[in-house]
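What follows is coords-v7.pdb (PDB, N, CA and C atoms).
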ATOM      1  N   MET A   1      57.644  85.669 -76.281
ATOM      2  CA  MET A   1      57.696  84.301 -76.758
ATOM      3  C   MET A   1      57.489  83.318 -75.620
ATOM      4  N   CYS A   2      58.185  83.517 -74.540
ATOM      5  CA  CYS A   2      58.085  82.603 -73.403
ATOM      6  C   CYS A   2      56.683  82.649 -72.797
ATOM      7  N   ARG A   3      56.117  83.857 -72.783
ATOM      8  CA  ARG A   3      54.781  84.018 -72.207
ATOM      9  C   ARG A   3      53.732  83.299 -73.048
ATOM     10  N   GLU A   4      53.882  83.341 -74.361
ATOM     11  CA  GLU A   4      52.942  82.655 -75.245
ATOM     12  C   GLU A   4      53.030  81.146 -75.077
ATOM     13  N   THR A   5      54.236  80.650 -74.936
ATOM     14  CA  THR A   5      54.429  79.211 -74.738
ATOM     15  C   THR A   5      53.795  78.777 -73.427
ATOM     16  N   THR A   6      53.989  79.553 -72.371
ATOM     17  CA  THR A   6      53.415  79.226 -71.070
ATOM     18  C   THR A   6      51.894  79.244 -71.145
ATOM     19  N   LEU A   7      51.343  80.217 -71.824
ATOM     20  CA  LEU A   7      49.892  80.316 -71.969
ATOM     21  C   LEU A   7      49.343  79.117 -72.742
ATOM     22  N   GLU A   8      50.043  78.703 -73.769
ATOM     23  CA  GLU A   8      49.604  77.531 -74.544
ATOM     24  C   GLU A   8      49.657  76.270 -73.691
ATOM     25  N   GLN A   9      50.686  76.150 -72.859
ATOM     26  CA  GLN A   9      50.788  74.991 -71.970
ATOM     27  C   GLN A   9      49.651  74.975 -70.958
ATOM     28  N   VAL A  10      49.336  76.128 -70.407
ATOM     29  CA  VAL A  10      48.244  76.216 -69.441
ATOM     30  C   VAL A  10      46.924  75.859 -70.114
ATOM     31  N   GLU A  11      46.708  76.368 -71.314
ATOM     32  CA  GLU A  11      45.477  76.047 -72.039
ATOM     33  C   GLU A  11      45.372  74.554 -72.320
ATOM     34  N   ALA A  12      46.488  73.933 -72.692
ATOM     35  CA  ALA A  12      46.490  72.497 -72.959
ATOM     36  C   ALA A  12      46.179  71.708 -71.691
ATOM     37  N   ARG A  13      46.755  72.130 -70.577
ATOM     38  CA  ARG A  13      46.489  71.445 -69.309
ATOM     39  C   ARG A  13      45.036  71.624 -68.868
ATOM     40  N   LEU A  14      44.497  72.822 -69.070
ATOM     41  CA  LEU A  14      43.091  73.057 -68.718
ATOM     42  C   LEU A  14      42.162  72.207 -69.583
ATOM     43  N   GLU A  15      42.481  72.049 -70.844
ATOM     44  CA  GLU A  15      41.669  71.216 -71.737
ATOM     45  C   GLU A  15      41.706  69.756 -71.290
ATOM     46  N   ALA A  16      42.902  69.282 -70.909
ATOM     47  CA  ALA A  16      43.025  67.905 -70.419
ATOM     48  C   ALA A  16      42.232  67.726 -69.123
ATOM     49  N   LEU A  17      42.280  68.712 -68.255
ATOM     50  CA  LEU A  17      41.537  68.656 -66.997
ATOM     51  C   LEU A  17      40.032  68.654 -67.250
ATOM     52  N   ARG A  18      39.589  69.446 -68.225
ATOM     53  CA  ARG A  18      38.162  69.491 -68.570
ATOM     54  C   ARG A  18      37.674  68.130 -69.068
ATOM     55  N   ILE A  19      38.484  67.486 -69.890
ATOM     56  CA  ILE A  19      38.119  66.168 -70.412
ATOM     57  C   ILE A  19      38.073  65.139 -69.290
ATOM     58  N   GLU A  20      39.063  65.179 -68.399
ATOM     59  CA  GLU A  20      39.092  64.233 -67.283
ATOM     60  C   GLU A  20      37.898  64.433 -66.350
ATOM     61  N   LEU A  21      37.536  65.686 -66.110
ATOM     62  CA  LEU A  21      36.382  65.974 -65.256
ATOM     63  C   LEU A  21      35.098  65.468 -65.900
ATOM     64  N   ALA A  22      34.957  65.602 -67.195
ATOM     65  CA  ALA A  22      33.771  65.117 -67.895
ATOM     66  C   ALA A  22      33.681  63.592 -67.812
ATOM     67  N   GLU A  23      34.826  62.909 -67.921
ATOM     68  CA  GLU A  23      34.822  61.445 -67.810
ATOM     69  C   GLU A  23      34.423  61.008 -66.407
ATOM     70  N   THR A  24      34.915  61.721 -65.392
ATOM     71  CA  THR A  24      34.568  61.392 -64.010
ATOM     72  C   THR A  24      33.085  61.608 -63.765
ATOM     73  N   ARG A  25      32.541  62.694 -64.263
ATOM     74  CA  ARG A  25      31.103  62.939 -64.112
ATOM     75  C   ARG A  25      30.293  61.839 -64.788
ATOM     76  N   GLY A  26      30.748  61.399 -65.940
ATOM     77  CA  GLY A  26      30.051  60.328 -66.648
ATOM     78  C   GLY A  26      30.046  59.038 -65.857
ATOM     79  N   ARG A  27      31.163  58.726 -65.212
ATOM     80  CA  ARG A  27      31.217  57.512 -64.395
ATOM     81  C   ARG A  27      30.313  57.633 -63.180
ATOM     82  N   LEU A  28      30.280  58.794 -62.565
ATOM     83  CA  LEU A  28      29.429  58.982 -61.386
ATOM     84  C   LEU A  28      27.950  58.940 -61.755
ATOM     85  N   THR A  29      27.629  59.393 -62.944
ATOM     86  CA  THR A  29      26.246  59.375 -63.386
ATOM     87  C   THR A  29      25.758  57.940 -63.569
ATOM     88  N   ASN A  30      26.633  57.058 -63.980
ATOM     89  CA  ASN A  30      26.247  55.672 -64.237
ATOM     90  C   ASN A  30      26.219  54.808 -62.981
ATOM     91  N   SER A  31      26.740  55.298 -61.874
ATOM     92  CA  SER A  31      26.753  54.484 -60.655
ATOM     93  C   SER A  31      25.369  54.501 -60.001
ATOM     94  N   PRO A  32      24.984  53.407 -59.334
ATOM     95  CA  PRO A  32      23.651  53.345 -58.733
ATOM     96  C   PRO A  32      23.526  54.278 -57.527
ATOM     97  N   SER A  33      22.305  54.715 -57.272
ATOM     98  CA  SER A  33      22.064  55.584 -56.123
ATOM     99  C   SER A  33      21.982  54.747 -54.844
ATOM    100  N   THR A  34      22.024  55.416 -53.722
ATOM    101  CA  THR A  34      21.947  54.727 -52.433
ATOM    102  C   THR A  34      20.634  53.962 -52.313
ATOM    103  N   PHE A  35      19.549  54.565 -52.769
ATOM    104  CA  PHE A  35      18.240  53.909 -52.708
ATOM    105  C   PHE A  35      18.234  52.616 -53.516
ATOM    106  N   GLN A  36      18.856  52.631 -54.687
ATOM    107  CA  GLN A  36      18.901  51.424 -55.513
ATOM    108  C   GLN A  36      19.699  50.317 -54.826
ATOM    109  N   VAL A  37      20.831  50.665 -54.236
ATOM    110  CA  VAL A  37      21.653  49.661 -53.561
ATOM    111  C   VAL A  37      20.904  49.075 -52.369
ATOM    112  N   LEU A  38      20.261  49.925 -51.580
ATOM    113  CA  LEU A  38      19.487  49.432 -50.432
ATOM    114  C   LEU A  38      18.324  48.560 -50.888
ATOM    115  N   SER A  39      17.699  48.904 -51.996
ATOM    116  CA  SER A  39      16.606  48.091 -52.529
ATOM    117  C   SER A  39      17.102  46.719 -52.952
ATOM    118  N   TRP A  40      18.290  46.679 -53.562
ATOM    119  CA  TRP A  40      18.857  45.380 -53.955
ATOM    120  C   TRP A  40      19.114  44.514 -52.732
ATOM    121  N   PHE A  41      19.713  45.103 -51.693
ATOM    122  CA  PHE A  41      19.996  44.332 -50.485
ATOM    123  C   PHE A  41      18.709  43.858 -49.819
ATOM    124  N   ALA A  42      17.694  44.718 -49.771
ATOM    125  CA  ALA A  42      16.413  44.327 -49.180
ATOM    126  C   ALA A  42      15.771  43.205 -50.009
ATOM    127  N   GLY A  43      15.836  43.300 -51.312
ATOM    128  CA  GLY A  43      15.271  42.259 -52.177
ATOM    129  C   GLY A  43      15.971  40.927 -51.996
ATOM    130  N   ILE A  44      17.282  40.951 -51.896
ATOM    131  CA  ILE A  44      18.028  39.710 -51.672
ATOM    132  C   ILE A  44      17.695  39.129 -50.304
ATOM    133  N   ALA A  45      17.587  39.997 -49.290
ATOM    134  CA  ALA A  45      17.259  39.520 -47.939
ATOM    135  C   ALA A  45      15.881  38.862 -47.918
ATOM    136  N   VAL A  46      14.892  39.486 -48.546
ATOM    137  CA  VAL A  46      13.542  38.918 -48.587
ATOM    138  C   VAL A  46      13.554  37.596 -49.351
ATOM    139  N   ALA A  47      14.292  37.526 -50.432
ATOM    140  CA  ALA A  47      14.370  36.280 -51.207
ATOM    141  C   ALA A  47      15.017  35.168 -50.382
ATOM    142  N   LEU A  48      16.077  35.485 -49.658
ATOM    143  CA  LEU A  48      16.731  34.470 -48.819
ATOM    144  C   LEU A  48      15.827  34.008 -47.679
ATOM    145  N   ILE A  49      15.081  34.933 -47.100
ATOM    146  CA  ILE A  49      14.130  34.551 -46.043
ATOM    147  C   ILE A  49      13.052  33.636 -46.615
ATOM    148  N   GLY A  50      12.573  33.962 -47.828
ATOM    149  CA  GLY A  50      11.572  33.115 -48.470
ATOM    150  C   GLY A  50      12.091  31.716 -48.748
ATOM    151  N   VAL A  51      13.315  31.626 -49.223
ATOM    152  CA  VAL A  51      13.916  30.318 -49.481
ATOM    153  C   VAL A  51      14.083  29.550 -48.178
ATOM    154  N   THR A  52      14.516  30.234 -47.127
ATOM    155  CA  THR A  52      14.714  29.587 -45.829
ATOM    156  C   THR A  52      13.386  29.025 -45.303
ATOM    157  N   PHE A  53      12.325  29.820 -45.364
ATOM    158  CA  PHE A  53      11.024  29.348 -44.883
ATOM    159  C   PHE A  53      10.490  28.206 -45.746
ATOM    160  N   THR A  54      10.747  28.273 -47.046
ATOM    161  CA  THR A  54      10.305  27.201 -47.931
ATOM    162  C   THR A  54      11.010  25.893 -47.601
ATOM    163  N   ILE A  55      12.316  25.967 -47.390
ATOM    164  CA  ILE A  55      13.075  24.765 -47.039
ATOM    165  C   ILE A  55      12.631  24.231 -45.672
ATOM    166  N   ALA A  56      12.395  25.143 -44.725
ATOM    167  CA  ALA A  56      11.970  24.719 -43.384
ATOM    168  C   ALA A  56      10.581  24.074 -43.454
ATOM    169  N   ARG A  57       9.708  24.559 -44.286
ATOM    170  CA  ARG A  57       8.357  24.006 -44.385
ATOM    171  C   ARG A  57       8.378  22.616 -45.035
ATOM    172  N   VAL A  58       9.269  22.421 -45.996
ATOM    173  CA  VAL A  58       9.367  21.137 -46.679
ATOM    174  C   VAL A  58       9.888  20.061 -45.737
ATOM    175  N   MET A  59      10.778  20.430 -44.846
ATOM    176  CA  MET A  59      11.380  19.450 -43.936
ATOM    177  C   MET A  59      10.402  19.137 -42.876
TER     178      MET A  59
END
Here is the file; what I need is its structure written in the form of structure tokens.
Amino acid sequence: MCRETTLEQVEARLEALRIELAETRGRLTNSPSTFQVLSWFAGIAVALIGVTFTIARVM
């Protein structure tokens, strides 16, 4: 009896762990890659340089 209860508890904990691991994988899948983040920073930098040169040319 005690062994069956322990086995059921372990199975329940493993199921909870499996669900938590799947949720974590899902969150990691949705996060941007390093290349995407670097591209965003490069795009913002180029845009700011363009704005700076435009303002400097107008003055």
Just the number, please: distance in Å from atom C of Val37 of chain A to atom N of Val51 of chain A, one decimal. 19.3 Å
Could you tell me how far atom C of Ala56 of chain A sits from atom CA of Trp40 of chain A, in Å to one decimal place? 25.2 Å
Please indicate the distance in Å from atom CA of Val46 of chain A to atom N of Ser31 of chain A, rounded to one decimal place. 24.9 Å
Given 3 Å on each side, where is the centre and what are the edge lengths in Å to one decimal of the axis-aligned box enclosing the listed atoms of segment 45-50 of chain A, as AutoDock Vina command-line options?
--center_x 14.6 --center_y 35.9 --center_z -48.6 --size_x 12.0 --size_y 14.3 --size_z 11.2
